[in-house]
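Visitor: Okay, handing you the structure first.
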Amino acid sequence: MVISCWGALVRKLLMMKPRVVFVLGGPGAGKGTQCIKIVEKYGYTHLSAGDLLRAERSKEATQYGELIDSYIKEGKIVPVEITINLIKRAMDETMAEDATKNKFLIDGFPRNTDNLDGWNRKMDNNADVKFVLFFDCSNDICIERCLERGKGSGRTDDNIMSLEKRIQTYMQSTKPIIELYEKEGKVRRVDGAKSVDEVFVEVQKIFDAEN
């Protein structure tokens with residue numbers, strides 16, 4: 001009886017799919033800060049597409065390093081196959097350690113239709129996208145926050161030239177993704193211009209309702 005129950009539990013865990021919340025908004029909209037709070041309160045695993053790419057380019061003898069570096073410095077979007085492979089690898093590693101940890105915040109992805117198409121091709125049957133958490137924030141505030149952050153972050157893309165390119169890329173490429181998900185009723189919009197604590201109050205309302 002015990003063996004039978006254990007076998008059923010193992011099968012159930014193996015069948016669990018990652019439950020994904022995409023976190024979108026302009027650079028400096030507060031995505032990373034709020035993700036930290038969501039992880040603490042709701043037990044999600046936070047995967048930042050940007051952090052995964054930056055970590056990969058800093059490794060020695062990585063096939064993607066120089067390519068990722070050139071794209072990030074130009075404020076361009078890294079080829080989708082690279083980004084999705086890094087995200088999938090991170091999710092697989094997390095669930096391999098603990099199969100019950102199947103709730104993920106994917107921060108800064110998908111950033112364009114190519115990202116979305118690539119996700120649908122590779123991950124549509126392998127993960128469930130629950131909703132899109134969108135931090136709506138003006139470009140001026142986003143730039144101001146990033147420049148302030150850049151004073152101590154050491155990030156090569158927290159400078160005015162890269163930021164202007166990133167904002168332009170966001171407006172041209174990411175906004176249409178948000179609009180697409182909005183038509184499907186999957187967008188949960190938060191005013192990202194408010195204080196960190198005020199924003200998190202709104203975030204909690206969303207997650208409490210979804211859970």
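Here's how to read the names in the structure tokens: chain A, B, ... by the order shown, residue numbers from 1 in each chain, ligand numbers from 1 in the order shown.
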Would you pick out the contacts of region 44-57 of chain A at 8 Å or less, using only C-alpha atoms, so that residues sharing its chain but fewer than 4 positions from it are not included, and give the list as a ChimeraX atom specification?

Guide: /A:32,35-36,38-40,62,64-66,68-69,83,86-87,90,101-109

Visitor: With a distance cut-off of 10 Å and only C-alpha atoms, select the neighbouring residues of region 151-165 of chain A, excluding the residue or stretch itself and same-chain residues fewer than 5 positions from it, and output the selection as a ChimeraX atom specification.

Guide: /A:27-28,54,69,72-76,139,142-146,170-171

Visitor: Could you give me, as a PyMOL selection string, each residue of region 7-199 of chain A that DSSP assigns to helix (DSSP H, G or I) when run on this structure's backbone?

Guide: chain A and resi 7-15+31-42+49-58+65-73+80-97+113-123+139-153+160-183+196-199

Visitor: Could you check the closest approach to Gly30 (chain A) for each of A:Val190, A:Ala61, A:Ile84, A:Ile206 and tell me which residue wins, using only C-alpha atoms?

Guide: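 So, comparing all the options, the nearest one is A:Val190.
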
Visitor: Please identify all polymer residues within 12 Å of region 176-184 of chain A, counting only C-alpha atoms, omitting same-chain residues fewer than 6 positions from it, and present them as a list of chain:residue names.

Guide: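 Contacts, in chain order: A:Phe22, A:Val23, A:Leu24, A:Gly25, A:Gly26, A:Gly108, A:Phe109, A:Pro110, A:Arg111, A:Asn112, A:Thr113, A:Asp114, A:Asn115, A:Leu116, A:Asp117, A:Val129, A:Lys130, A:Phe131, A:Val132, A:Leu133, A:Phe134, A:Phe135, A:Asp136, A:Thr169, A:Tyr170.
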
Visitor: Find, counting only C-alpha atoms, the residue in A:Ala209, A:Ile77, A:Leu147, A:Met123 that gets nearest to Val20 (chain A).

Guide: A:Met123

Visitor: Do you have the CA of Ser195 (chain A)-CA of Ile167 (chain A) distance handy?

Guide: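 So the answer is 21.2 Å.
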
Visitor: Record the distance separating CA of Arg166 (chain A) and CA of Ala193 (chain A), expressed in Å with one decimal.

Guide: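 Taking CA of Arg166 (chain A) as the start and CA of Ala193 (chain A) as the end point, the length is 18.3 Å.
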
Visitor: What parts of region 44-173 of chain A does DSSP call strand (DSSP E or B)? I'd like the answer as a ChimeraX atom specification.

Guide: /A:45-48,103-107,128-136
